[in-house]
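Asker: One file: query.txt (compact mmCIF, C-alpha atoms).
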```
# COMPACT_ATOMS: atom_id res chain seq x y z
CA LEU A 1 0.00 0.00 0.00
CA ASN A 2 1.15 3.53 -0.76
CA ILE A 3 0.89 5.72 2.33
CA LEU A 4 0.64 9.52 2.50
CA VAL A 5 3.24 10.87 4.95
CA ASP A 6 1.50 13.51 7.06
CA THR A 7 3.29 15.57 9.72
CA GLY A 8 0.00 17.36 10.49
CA SER A 9 -1.88 14.42 12.06
CA SER A 10 -1.10 11.48 14.34
CA ASN A 11 -3.06 8.38 13.29
CA PHE A 12 -1.82 5.58 11.05
CA ALA A 13 -4.74 4.44 8.91
CA VAL A 14 -5.28 2.45 5.72
CA ALA A 15 -8.27 1.64 3.53
CA GLY A 16 -10.01 -1.36 5.13
CA VAL A 17 -12.75 -1.90 2.54
CA PRO A 18 -12.97 -1.43 -1.24
CA ASP A 19 -13.36 2.16 -2.38
CA PRO A 20 -13.94 3.51 -5.92
CA ASP A 21 -10.91 5.81 -5.61
CA VAL A 22 -8.34 3.35 -4.25
CA THR A 23 -6.72 0.50 -6.15
CA SER A 24 -5.82 -1.62 -3.09
CA TYR A 25 -6.97 -2.05 0.49
CA PHE A 26 -6.00 -3.94 3.64
CA ASN A 27 -8.27 -6.92 4.29
CA ALA A 28 -7.84 -7.36 8.06
CA GLU A 29 -9.69 -10.68 8.00
CA LEU A 30 -6.85 -12.23 5.99
CA SER A 31 -4.17 -11.08 8.43
CA SER A 32 -3.00 -13.63 10.99
CA THR A 33 -1.39 -10.91 13.14
CA TYR A 34 -4.10 -8.21 13.09
CA LYS A 35 -6.04 -7.72 16.34
CA SER A 36 -9.07 -5.46 16.45
CA GLN A 37 -9.49 -3.25 19.52
CA GLY A 38 -13.12 -2.67 18.62
CA ILE A 39 -12.79 1.10 19.13
CA GLU A 40 -14.38 3.35 16.52
CA VAL A 41 -12.31 6.35 15.50
CA THR A 42 -13.05 9.39 13.33
CA VAL A 43 -10.41 11.78 12.05
CA LYS A 44 -11.19 15.07 10.33
CA TYR A 45 -8.65 16.97 8.23
CA SER A 46 -8.73 20.43 6.66
CA GLN A 47 -10.08 18.53 3.66
CA GLY A 48 -11.96 15.29 4.11
CA SER A 49 -12.53 12.84 6.94
CA TRP A 50 -12.74 9.13 7.63
CA THR A 51 -14.22 6.73 10.18
CA GLY A 52 -12.75 3.35 10.99
CA VAL A 53 -11.83 0.86 13.70
CA LEU A 54 -8.63 0.78 15.75
CA GLY A 55 -6.54 -2.35 15.86
CA THR A 56 -2.93 -3.49 16.07
CA ASP A 57 -0.75 -5.31 13.58
CA VAL A 58 2.87 -6.19 12.96
CA ILE A 59 4.99 -4.21 10.53
CA THR A 60 8.46 -4.67 9.12
CA ILE A 61 10.54 -1.91 7.57
CA PRO A 62 12.50 -3.07 4.51
CA LYS A 63 15.51 -0.77 4.92
CA GLY A 64 17.58 0.09 7.95
CA VAL A 65 15.41 -0.82 10.94
CA ASP A 66 15.57 -4.59 11.36
CA GLY A 67 12.85 -6.54 13.11
CA SER A 68 9.08 -6.63 13.42
CA TYR A 69 7.10 -4.15 15.48
CA THR A 70 3.54 -4.00 16.77
CA ILE A 71 1.82 -0.73 16.01
CA ASN A 72 -1.67 0.81 16.19
CA ILE A 73 -3.47 0.86 12.87
CA ALA A 74 -6.94 2.09 11.93
CA THR A 75 -8.82 0.40 9.10
CA ILE A 76 -10.85 3.00 7.21
CA LEU A 77 -14.41 1.80 6.66
CA GLU A 78 -16.08 5.05 5.58
CA SER A 79 -14.65 8.30 4.24
CA GLU A 80 -15.72 11.61 2.79
CA ASN A 81 -13.51 13.64 0.43
CA PHE A 82 -10.50 11.73 1.73
CA PHE A 83 -9.71 9.28 -1.06
CA LEU A 84 -10.00 11.39 -4.21
CA PRO A 85 -10.11 10.41 -7.90
CA GLY A 86 -6.62 9.77 -9.25
CA VAL A 87 -4.84 9.57 -5.88
CA LYS A 88 -2.03 7.04 -5.78
CA TRP A 89 -2.19 6.37 -2.02
CA HIS A 90 -4.27 4.02 0.08
CA GLY A 91 -3.71 5.33 3.59
CA ILE A 92 -2.06 7.94 5.79
CA LEU A 93 0.86 7.89 8.22
CA GLY A 94 0.43 10.59 10.86
CA LEU A 95 3.80 11.65 12.27
CA ALA A 96 2.74 14.49 14.58
CA TYR A 97 2.63 14.18 18.39
CA ASP A 98 0.28 11.89 20.33
CA THR A 99 -1.64 14.99 21.52
CA LEU A 100 -3.44 14.91 18.15
CA ALA A 101 -4.09 11.14 18.11
CA LYS A 102 -7.73 10.05 17.92
CA PRO A 103 -9.82 9.13 19.76
CA SER A 104 -7.37 10.19 22.51
CA SER A 105 -3.69 10.83 23.16
CA SER A 106 -3.44 7.39 24.79
CA VAL A 107 -3.26 5.87 21.29
CA GLU A 108 0.49 5.45 20.76
CA THR A 109 1.58 6.84 17.40
CA PHE A 110 3.42 4.85 14.76
CA PHE A 111 6.69 6.70 15.28
CA ASP A 112 6.50 6.59 19.09
CA SER A 113 6.01 2.80 18.85
CA LEU A 114 9.03 2.52 16.59
CA VAL A 115 11.24 4.66 18.86
CA ARG A 116 10.22 2.60 21.90
CA GLN A 117 10.52 -0.87 20.35
CA ALA A 118 13.40 -0.44 17.87
CA LYS A 119 15.37 1.91 20.17
CA ILE A 120 16.02 4.35 17.31
CA PRO A 121 16.71 8.07 17.97
CA ASN A 122 13.60 10.25 18.31
CA ILE A 123 14.14 12.06 15.02
CA PHE A 124 12.94 11.64 11.45
CA SER A 125 13.56 13.61 8.27
CA LEU A 126 11.71 14.13 5.01
CA GLN A 127 12.74 15.03 1.49
CA MET A 128 9.87 15.76 -0.90
CA CYS A 129 10.79 15.94 -4.58
CA GLY A 130 8.53 17.37 -7.28
CA ALA A 131 9.66 20.92 -7.96
CA GLY A 132 8.48 22.10 -11.38
CA MET A 133 6.69 18.85 -12.16
CA PRO A 134 3.02 18.82 -13.26
CA VAL A 135 0.71 18.63 -10.26
CA SER A 136 -1.26 15.61 -11.53
CA GLY A 137 1.26 13.75 -13.62
CA SER A 138 1.65 10.00 -14.02
CA GLY A 139 5.33 9.96 -13.04
CA THR A 140 6.69 9.47 -9.54
CA ASN A 141 8.30 12.43 -7.83
CA GLY A 142 10.55 10.41 -5.55
CA GLY A 143 11.72 11.63 -2.19
CA SER A 144 12.73 10.01 1.08
CA LEU A 145 11.47 9.45 4.61
CA VAL A 146 14.30 8.69 7.03
CA LEU A 147 13.21 7.25 10.38
CA GLY A 148 15.67 7.66 13.24
CA GLY A 149 18.20 10.07 11.76
CA ILE A 150 19.57 12.36 9.06
CA GLU A 151 20.91 11.28 5.66
CA PRO A 152 23.78 13.56 4.49
CA SER A 153 23.24 12.81 0.78
CA LEU A 154 19.75 14.37 0.92
CA TYR A 155 20.86 17.96 1.55
CA LYS A 156 23.40 20.61 0.58
CA GLY A 157 25.04 23.21 2.82
CA ASN A 158 24.11 23.72 6.46
CA ILE A 159 21.01 22.71 8.43
CA TRP A 160 19.26 25.62 10.12
CA TYR A 161 17.09 24.81 13.13
CA THR A 162 14.08 26.61 14.58
CA PRO A 163 12.55 25.61 17.96
CA ILE A 164 9.26 23.72 18.18
CA LYS A 165 7.00 26.06 20.14
CA GLU A 166 4.33 23.50 21.06
CA GLU A 167 4.43 19.71 20.76
CA TRP A 168 1.13 18.87 19.07
CA TYR A 169 1.54 19.91 15.46
CA TYR A 170 5.12 20.90 14.60
CA GLN A 171 4.44 24.49 15.59
CA VAL A 172 7.19 26.99 14.81
CA GLU A 173 7.61 30.77 15.02
CA ILE A 174 7.49 32.88 11.86
CA LEU A 175 9.07 36.33 12.20
CA LYS A 176 8.37 37.96 8.84
CA LEU A 177 7.74 37.42 5.14
CA GLU A 178 9.38 39.12 2.18
CA VAL A 179 8.21 39.24 -1.43
CA GLY A 180 10.92 40.13 -3.94
CA GLY A 181 13.16 41.18 -1.05
CA GLN A 182 10.56 43.62 0.33
CA ASN A 183 9.27 43.13 3.88
CA LEU A 184 5.47 42.94 4.15
CA GLU A 185 5.74 45.12 7.29
CA LEU A 186 3.06 43.21 9.21
CA ASP A 187 3.01 42.63 12.97
CA CYS A 188 4.81 39.31 13.41
CA ARG A 189 1.88 37.94 15.42
CA GLU A 190 -0.17 38.02 12.20
CA TYR A 191 2.06 35.25 10.78
CA ASN A 192 1.41 33.01 13.78
CA ALA A 193 -2.38 33.50 14.04
CA ASP A 194 -3.38 31.24 15.54
CA LYS A 195 -0.44 28.93 14.85
CA ALA A 196 2.29 28.31 12.27
CA ILE A 197 3.01 24.66 11.49
CA VAL A 198 5.12 22.47 9.20
CA ASP A 199 2.71 20.02 7.57
CA SER A 200 3.65 17.66 4.75
CA GLY A 201 -0.01 16.61 4.42
CA THR A 202 -1.02 20.07 3.18
CA THR A 203 -0.43 20.65 -0.51
CA LEU A 204 -0.11 24.44 -0.62
CA LEU A 205 1.51 27.21 1.40
CA ARG A 206 -1.47 28.43 3.44
CA LEU A 207 -1.46 31.91 4.95
CA PRO A 208 -3.79 33.70 7.39
CA GLN A 209 -6.20 35.91 5.45
CA LYS A 210 -4.47 39.22 6.26
CA VAL A 211 -1.05 37.80 5.34
CA PHE A 212 -2.43 36.16 2.19
CA SER A 213 -3.91 39.46 0.97
CA ALA A 214 -0.62 41.27 1.61
CA VAL A 215 1.36 38.57 -0.26
CA VAL A 216 -0.99 38.65 -3.26
CA GLN A 217 -0.80 42.43 -3.46
CA ALA A 218 3.00 42.33 -3.20
CA ILE A 219 3.34 39.64 -5.90
CA ALA A 220 0.93 41.49 -8.21
CA ARG A 221 2.84 44.73 -7.61
CA THR A 222 6.27 43.13 -8.07
CA SER A 223 5.51 40.80 -10.99
CA LEU A 224 5.97 41.87 -14.58
CA ILE A 225 2.33 41.06 -15.34
CA GLN A 226 -0.06 43.86 -14.54
CA GLU A 227 -3.36 42.24 -15.48
CA PHE A 228 -4.27 39.17 -13.43
CA SER A 229 -7.68 37.66 -12.86
CA SER A 230 -8.61 37.49 -9.17
CA GLY A 231 -9.63 33.89 -9.83
CA PHE A 232 -5.98 32.95 -10.29
CA TRP A 233 -5.10 34.11 -6.76
CA THR A 234 -8.10 32.36 -5.18
CA GLY A 235 -7.41 29.08 -6.99
CA SER A 236 -10.55 29.05 -9.14
CA GLN A 237 -8.72 29.83 -12.42
CA LEU A 238 -5.50 28.83 -14.13
CA ALA A 239 -3.05 31.09 -15.95
CA CYS A 240 -1.82 29.74 -19.29
CA TRP A 241 1.16 30.52 -21.49
CA ASP A 242 2.54 29.15 -24.72
CA LYS A 243 4.51 25.96 -24.04
CA THR A 244 7.69 27.61 -25.27
CA GLU A 245 7.48 30.26 -22.53
CA ARG A 246 8.72 30.00 -18.96
CA PRO A 247 6.52 32.37 -16.91
CA TRP A 248 8.55 31.94 -13.70
CA SER A 249 10.87 34.81 -14.64
CA LEU A 250 7.87 37.14 -14.32
CA PHE A 251 7.36 36.47 -10.59
CA PRO A 252 9.33 37.37 -7.41
CA LYS A 253 11.06 35.24 -4.81
CA LEU A 254 9.20 34.55 -1.55
CA SER A 255 11.12 34.41 1.77
CA ILE A 256 10.02 33.20 5.20
CA TYR A 257 12.04 34.21 8.27
CA MET A 258 12.15 31.85 11.28
CA ARG A 259 13.67 32.29 14.71
CA ASP A 260 16.98 30.48 15.17
CA GLU A 261 17.74 28.33 18.24
CA ASN A 262 19.65 31.40 19.40
CA SER A 263 16.59 33.62 19.88
CA SER A 264 18.49 36.80 18.97
CA ARG A 265 19.11 35.43 15.47
CA SER A 266 16.94 34.33 12.56
CA PHE A 267 17.35 32.64 9.19
CA ARG A 268 15.26 32.71 6.05
CA ILE A 269 14.07 30.01 3.70
CA SER A 270 13.26 31.24 0.20
CA ILE A 271 11.32 29.66 -2.63
CA LEU A 272 11.55 30.75 -6.22
CA PRO A 273 8.40 31.02 -8.40
CA GLN A 274 9.06 27.53 -9.80
CA LEU A 275 7.68 26.22 -6.48
CA TYR A 276 4.59 28.39 -6.08
CA ILE A 277 3.59 28.87 -9.75
CA GLN A 278 2.79 25.22 -10.39
CA PRO A 279 2.27 23.58 -13.81
CA ILE A 280 -0.89 21.58 -14.41
CA LEU A 281 -1.13 18.94 -17.14
CA GLY A 282 -1.22 20.62 -20.56
CA ILE A 283 -4.52 21.92 -21.91
CA GLY A 284 -4.51 21.79 -25.69
CA GLU A 285 -1.40 21.28 -27.80
CA ASN A 286 0.31 24.63 -27.43
CA LEU A 287 -0.60 25.81 -23.93
CA GLN A 288 0.86 25.08 -20.50
CA CYS A 289 -1.33 26.16 -17.60
CA TYR A 290 -0.31 26.96 -14.04
CA ARG A 291 -1.99 27.33 -10.67
CA PHE A 292 -1.13 29.53 -7.70
CA GLY A 293 0.46 27.36 -4.99
CA ILE A 294 -0.55 29.66 -2.12
CA SER A 295 -3.99 29.91 -0.50
CA SER A 296 -5.69 31.63 2.41
CA SER A 297 -6.37 29.96 5.74
CA THR A 298 -8.74 30.70 8.61
CA ASN A 299 -6.75 29.14 11.44
CA ALA A 300 -3.04 28.75 10.67
CA LEU A 301 0.00 29.51 8.58
CA VAL A 302 0.83 26.12 7.08
CA ILE A 303 4.20 25.39 5.50
CA GLY A 304 2.97 22.65 3.17
CA ALA A 305 4.40 20.82 0.17
CA THR A 306 4.70 24.02 -1.91
CA VAL A 307 7.56 25.07 0.40
CA MET A 308 8.74 21.68 1.67
CA GLU A 309 9.60 20.49 -1.86
CA GLY A 310 12.49 22.94 -1.76
CA PHE A 311 14.08 21.53 1.38
CA TYR A 312 15.23 18.55 3.38
CA VAL A 313 13.24 18.95 6.60
CA ILE A 314 14.41 17.41 9.89
CA PHE A 315 11.89 16.78 12.67
CA ASP A 316 14.22 16.56 15.67
CA ARG A 317 11.78 15.64 18.41
CA ALA A 318 14.56 14.75 20.85
CA GLN A 319 15.84 18.34 20.85
CA ARG A 320 12.45 19.91 20.14
CA ARG A 321 13.41 21.61 16.88
CA VAL A 322 12.71 21.55 13.13
CA GLY A 323 15.63 21.82 10.71
CA PHE A 324 15.77 23.03 7.11
CA ALA A 325 18.48 22.45 4.53
CA VAL A 326 18.48 22.93 0.74
CA SER A 327 17.40 19.79 -1.10
CA PRO A 328 19.42 18.64 -4.15
CA CYS A 329 16.20 17.56 -5.88
CA ALA A 330 14.82 21.12 -5.70
CA GLU A 331 16.03 22.05 -9.18
CA VAL A 332 14.21 23.02 -12.37
CA ASP A 333 16.13 22.98 -15.66
CA GLY A 334 19.34 22.46 -13.68
CA SER A 335 18.94 25.55 -11.47
CA PRO A 336 18.14 25.54 -7.71
CA VAL A 337 14.69 26.85 -6.80
CA SER A 338 15.21 27.16 -3.04
CA GLU A 339 17.68 28.97 -0.77
CA ILE A 340 18.59 29.28 2.90
CA GLU A 341 20.45 32.27 4.26
CA GLY A 342 21.42 33.57 7.71
CA PRO A 343 22.01 34.51 10.37
CA PHE A 344 20.07 37.77 10.66
CA THR A 345 19.35 39.85 13.74
CA THR A 346 15.90 39.81 15.34
CA THR A 347 16.05 43.34 16.76
CA ASP A 348 13.37 44.48 14.28
CA VAL A 349 10.73 41.99 15.54
CA ALA A 350 9.04 41.28 18.87
CA SER A 351 10.75 38.97 21.36
CA ASN A 352 7.79 36.59 21.05
CA CYS A 353 5.57 36.44 17.97
CA VAL A 354 3.45 33.54 19.23
CA SER A 355 0.40 34.21 21.37
CA SER A 356 0.86 32.80 24.85
CA ILE A 357 -2.80 31.68 24.86
CA THR A 358 -3.18 28.65 22.63
CA PHE A 359 -6.36 26.63 22.92
CA HIS A 360 -5.36 23.15 21.84
CA GLU A 361 -8.13 20.79 20.87
CA PRO A 362 -7.57 18.48 23.91
CA VAL A 363 -7.69 21.52 26.24
CA LEU A 364 -11.04 22.51 24.74
CA TRP A 365 -12.35 19.01 25.38
CA ILE A 366 -11.17 19.15 29.01
CA ALA A 367 -12.85 22.53 29.47
CA SER A 368 -16.06 21.19 27.93
CA TYR A 369 -16.11 18.14 30.22
CA ALA A 370 -15.37 20.32 33.26
CA LEU A 371 -18.30 22.62 32.45
CA MET A 372 -20.59 19.63 31.84
CA SER A 373 -19.56 18.12 35.19
CA LEU A 374 -20.19 21.42 36.99
CA CYS A 375 -23.65 21.70 35.42
CA GLY A 376 -24.37 18.09 36.42
CA ILE A 377 -23.38 18.75 40.04
CA ILE A 378 -25.57 21.86 40.23
CA LEU A 379 -28.51 19.97 38.72
CA LEU A 380 -28.02 17.12 41.22
CA VAL A 381 -28.00 19.55 44.18
CA LEU A 382 -31.20 21.19 42.92
CA ILE A 383 -32.94 17.80 42.57
CA ILE A 384 -31.89 16.83 46.12
CA LEU A 385 -33.17 20.13 47.49
CA LEU A 386 -36.49 19.59 45.74
CA LEU A 387 -36.84 16.05 47.10
CA ILE A 388 -35.96 16.88 50.74
CA PRO A 389 -39.21 17.82 52.62
CA PRO A 390 -39.21 21.21 54.35
CA ARG A 391 -38.16 20.82 58.00
CA CYS A 392 -40.42 23.50 59.36
CA GLN A 393 -43.21 25.74 58.25
CA ARG A 394 -43.94 29.25 59.37
CA ARG A 395 -46.72 31.66 58.76
CA TYR A 396 -46.19 34.65 56.59
CA THR A 397 -46.85 38.11 57.97
CA ASP A 398 -47.84 41.06 55.85
CA ASN A 399 -44.17 42.02 55.67
CA ASP A 400 -43.30 38.66 54.11
CA VAL A 401 -45.72 38.93 51.19
CA VAL A 402 -43.89 38.88 47.87
CA ASN A 403 -45.17 42.00 46.15
CA ASP A 404 -44.22 43.61 42.84
CA GLU A 405 -41.58 45.79 44.40
CA SER A 406 -39.53 42.87 45.80
CA SER A 407 -40.42 40.27 43.16
CA LEU A 408 -37.51 38.32 41.65
CA VAL A 409 -39.50 38.13 38.46
CA ARG A 410 -39.69 41.89 38.26
CA HIS A 411 -35.99 42.32 38.85
CA ARG A 412 -35.13 39.52 36.45
CA TRP A 413 -36.58 41.60 33.63
CA LYS A 414 -34.69 44.75 34.53
```
Any chance you could give the structure as structure tokens?
Answerer:
Amino acid sequence: LNILVDTGSSNFAVAGVPDPDVTSYFNAELSSTYKSQGIEVTVKYSQGSWTGVLGTDVITIPKGVDGSYTINIATILESENFFLPGVKWHGILGLAYDTLAKPSSSVETFFDSLVRQAKIPNIFSLQMCGAGMPVSGSGTNGGSLVLGGIEPSLYKGNIWYTPIKEEWYYQVEILKLEVGGQNLELDCREYNADKAIVDSGTTLLRLPQKVFSAVVQAIARTSLIQEFSSGFWTGSQLACWDKTERPWSLFPKLSIYMRDENSSRSFRISILPQLYIQPILGIGENLQCYRFGISSSTNALVIGATVMEGFYVIFDRAQRRVGFAVSPCAEVDGSPVSEIEGPFTTTDVASNCVSSITFHEPVLWIASYALMSLCGIILLVLIILLLIPPRCQRRYTDNDVVNDESSLVRHRWK
């Protein structure tokens, strides 16, 4: 089975029944090692969702990590907008922290199981290749997932690390964005509203609405094309050129600044237009059409595949940091399409660009249960008070009569 590697979720799940959009599925009944836990689980993503049943099974990894290991696996029985027409994968491998695991954080993640049983270092790294290739082509883009370490042949130059701010998603701190070398001049907290994460399961670079609007305006102002349909920026229309043309020279470079491990320094990762102006399979004989690889988001800045295809990304969980280095496969027509530069000073940004109040999904659940419990206790006390007979009765005097002036009802309507 082909599995989608997703650093933005934490469940390992595969198709467990036939589906019109998948070519293969895992038939648990034919597995001698599969054990169902009988627990139903539902996982929702920014696009799509699935419902299945939790179980355990034994896996072996063909390269590097010898041995067999028992891991949690969900068999997907129903899904909505998850398996899509033309997808080449049959399941998903969530590599984020157990905080995001469903139905609760007590479900040990695939990678945590591997670290515990195989005694490998608590670090993995990911190289995604596909720069400049058609979005829905038939070829394979390649790439590598390295469990337990770093592979020197997968990067060039130095690795630059930024701290993980919160261990749920791989949440990092973005300091500023530049388009064509020009700072957007936004408050740095805008970039981290309400979080900034590194997520291989998200296709595009997603930006909070205010940041997205500023980036679009800056690209439109900086590019050599003055007339652009708004549908291109929102993703509803493609822009097409003659196949002999290379439109990338018309667009500016995009740079993202992150805080270094030394908080007084920063570094920037830059992507050239070849990564965010993305070719789609040809329409007609003479045209090549492109889509905009950046979109708006309501709840996060997401460094997705649009950016990650330019870099070798190291998820160093042991030292609570994410590393970036230039990937050798991030080349189009023999020229690199990604860059890393630094260090830079952070004197021009706030000492902390991440809001100190972050309402994680598990925290919201805890708060909900606490409020429900409190309401239950109050209701129980009221029922007991109603059931207990009055111990004594007394006669009312004229002064005790509830009149309009002292009525609770009257005051309740004030």
Asker: Work out how far apart atom CA of Ile150 of chain A and atom CA of Ser270 of chain A are and give it in Å to one decimal.
Answerer: 21.8 Å
Asker: Report the distance between atom CA of Val313 of chain A and atom CA of Thr203 of chain A in Å, rounded to one decimal place.
Answerer: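 Taking atom CA of Val313 of chain A as the start and atom CA of Thr203 of chain A as the end point, the length is 15.5 Å.
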Asker: Which value, in Å to one decimal, gives the distance between atom CA of Pro20 of chain A and atom CA of Asn81 of chain A?
Answerer: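 Atom-to-atom, atom CA of Pro20 of chain A to atom CA of Asn81 of chain A, that is 12.0 Å.
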Asker: From the list A:Met133, A:Val216, A:Val22, A:Cys289, which residue is nearest Asp333 of chain A when using all atoms listed in the file?
Answerer: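 Smallest separation from Asp333 of chain A among the options: A:Met133.
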Asker: Which residue, A:Leu385, A:Leu84, A:Val332, A:Ile277, has the smallest gap to Gln47 of chain A when you use all atoms listed in the file?
Answerer: A:Leu84
Asker: Using the file's own x, y and z axes, so that the box edges lie along x, y and z, what centre and edge lengths in Å (one decimal) does a box around every listed atom of segment 312-329 of chain A get when 3 Å is added on each side? Give it as lines of an AutoDock Vina configuration file.
Answerer:
```
center_x = 15.6
center_y = 18.9
center_z = 7.5
size_x = 13.6
size_y = 14.3
size_z = 32.7
```
Asker: Tell me which protein, DNA and RNA residues are within 9 Å of Val17 of chain A, counting all atoms listed in the file, leaving out same-chain ones fewer than 2 positions away, and put them as an NGL selection string.
Answerer: :A and (15 or 19 or 24-27 or 75-78)
Asker: Now that the selection is made, can you save its residues with C-alpha atoms as a PDB file, in the coordinates of the input?
Answerer:
```pdb
ATOM      1  CA  ALA A  15      -8.270   1.640   3.530  1.00  0.00           C
ATOM      2  CA  ASP A  19     -13.360   2.160  -2.380  1.00  0.00           C
ATOM      3  CA  SER A  24      -5.820  -1.620  -3.090  1.00  0.00           C
ATOM      4  CA  TYR A  25      -6.970  -2.050   0.490  1.00  0.00           C
ATOM      5  CA  PHE A  26      -6.000  -3.940   3.640  1.00  0.00           C
ATOM      6  CA  ASN A  27      -8.270  -6.920   4.290  1.00  0.00           C
ATOM      7  CA  THR A  75      -8.820   0.400   9.100  1.00  0.00           C
ATOM      8  CA  ILE A  76     -10.850   3.000   7.210  1.00  0.00           C
ATOM      9  CA  LEU A  77     -14.410   1.800   6.660  1.00  0.00           C
ATOM     10  CA  GLU A  78     -16.080   5.050   5.580  1.00  0.00           C
TER      11      GLU A  78
END
```
Asker: Show which residues sit within 12 Å of Lys44 of chain A, as number ranges by chain. Count only C-alpha atoms, and ignore same-chain residues fewer than 4 positions away.
Answerer: A: 8-11, 48-52, 79-82, 100-103
Asker: Need to verify the contact set: Ile314 of chain A, 7 Å, only C-alpha atoms, exclusion of same-chain residues closer than 2 positions in sequence. Can you return it as an NGL selection string?
Answerer: :A and (124-126 or 312 or 316 or 322-324)
Asker: Please provide the set of residues having any atom within 9 Å of segment 54-56 of chain A, restricted to only C-alpha atoms, with same-chain residues fewer than 5 positions apart removed, written as a list in words.
Answerer: Ala13, Thr33, Tyr34, Lys35, Ser36, Gln37, Gly38, Ile39, Glu40, Val41, Thr70, Ile71, Asn72, Ile73, Ala74 and Thr75 of chain A
Asker: Considering only C-alpha atoms, state which residue in the set A:Thr345, A:Thr202, A:Asn299, A:Asn183 is at the smallest distance from Ile256 of chain A.
Answerer: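 For Ile256 of chain A, the nearest of the candidates is A:Asn183.
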Asker: Residues near segment 243-247 of chain A, anyone? I mean within 7 Å using all atoms listed in the file, not counting same-chain ones fewer than 3 positions away, as a list of chain:residue names.
Answerer: A:Leu250, A:Asn286, A:Leu287, A:Gln288
Asker: Of the candidates A:Gly94, A:Pro343, A:Pro208, A:Pro252, which one gets nearest to Glu178 of chain A if we count all atoms listed in the file?
Answerer: A:Pro252
Asker: Please build the interface table for segment 198-294 of chain A against segment 325-331 of chain A with a cut-off of 9 Å, listing for each qualifying residue the nearest atom pair and the distance in Å to one decimal; count all atoms listed in the file, order rows by chain and increasing number, and write it as JSON lines.
Answerer:
```
{"residue": "A:Ile269", "atom": "CA", "partner": "A:Ala325", "partner_atom": "CA", "distance": 8.8}
{"residue": "A:Gln274", "atom": "CA", "partner": "A:Glu331", "partner_atom": "CA", "distance": 8.9}
{"residue": "A:Leu275", "atom": "CA", "partner": "A:Ala330", "partner_atom": "CA", "distance": 8.8}
```
Asker: Which one is closest to Thr162 of chain A: A:Ile280, A:Ala214, A:Leu30, A:Ile174? Count only C-alpha atoms.
Answerer: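 Counting only C-alpha atoms, the residue closest to Thr162 of chain A is A:Ile174.
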Asker: Write segment 145-154 of chain A as a CSV table (one decimal), in the frame of the given file, completed to N, CA, C and O atoms.
Answerer:
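Result file selection38.csv:
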```csv
chain,number,residue,atom,x,y,z
A,145,LEU,N,11.8,9.3,3.2
A,145,LEU,CA,11.5,9.4,4.6
A,145,LEU,C,12.5,8.7,5.4
A,145,LEU,O,12.7,7.5,5.2
A,146,VAL,N,13.2,9.3,6.3
A,146,VAL,CA,14.3,8.7,7.0
A,146,VAL,C,13.9,8.6,8.5
A,146,VAL,O,13.7,9.7,9.1
A,147,LEU,N,13.7,7.4,9.0
A,147,LEU,CA,13.2,7.2,10.4
A,147,LEU,C,14.4,7.0,11.3
A,147,LEU,O,15.2,6.1,11.1
A,148,GLY,N,14.6,7.9,12.3
A,148,GLY,CA,15.7,7.7,13.2
A,148,GLY,C,16.9,8.4,13.0
A,148,GLY,O,17.9,8.2,13.7
A,149,GLY,N,17.0,9.3,12.0
A,149,GLY,CA,18.2,10.1,11.8
A,149,GLY,C,18.2,11.0,10.6
A,149,GLY,O,17.1,11.4,10.0
A,150,ILE,N,19.4,11.4,10.1
A,150,ILE,CA,19.6,12.4,9.1
A,150,ILE,C,20.5,11.7,8.0
A,150,ILE,O,21.5,11.1,8.4
A,151,GLU,N,20.1,11.8,6.8
A,151,GLU,CA,20.9,11.3,5.7
A,151,GLU,C,21.7,12.4,4.9
A,151,GLU,O,21.0,13.2,4.3
A,152,PRO,N,23.0,12.5,5.1
A,152,PRO,CA,23.8,13.6,4.5
A,152,PRO,C,23.6,13.8,3.0
A,152,PRO,O,23.7,14.9,2.5
A,153,SER,N,23.3,12.7,2.2
A,153,SER,CA,23.2,12.8,0.8
A,153,SER,C,22.0,13.5,0.3
A,153,SER,O,21.8,13.9,-0.8
A,154,LEU,N,21.0,13.8,1.3
A,154,LEU,CA,19.8,14.4,0.9
A,154,LEU,C,19.7,15.9,1.1
A,154,LEU,O,18.7,16.5,0.9
```
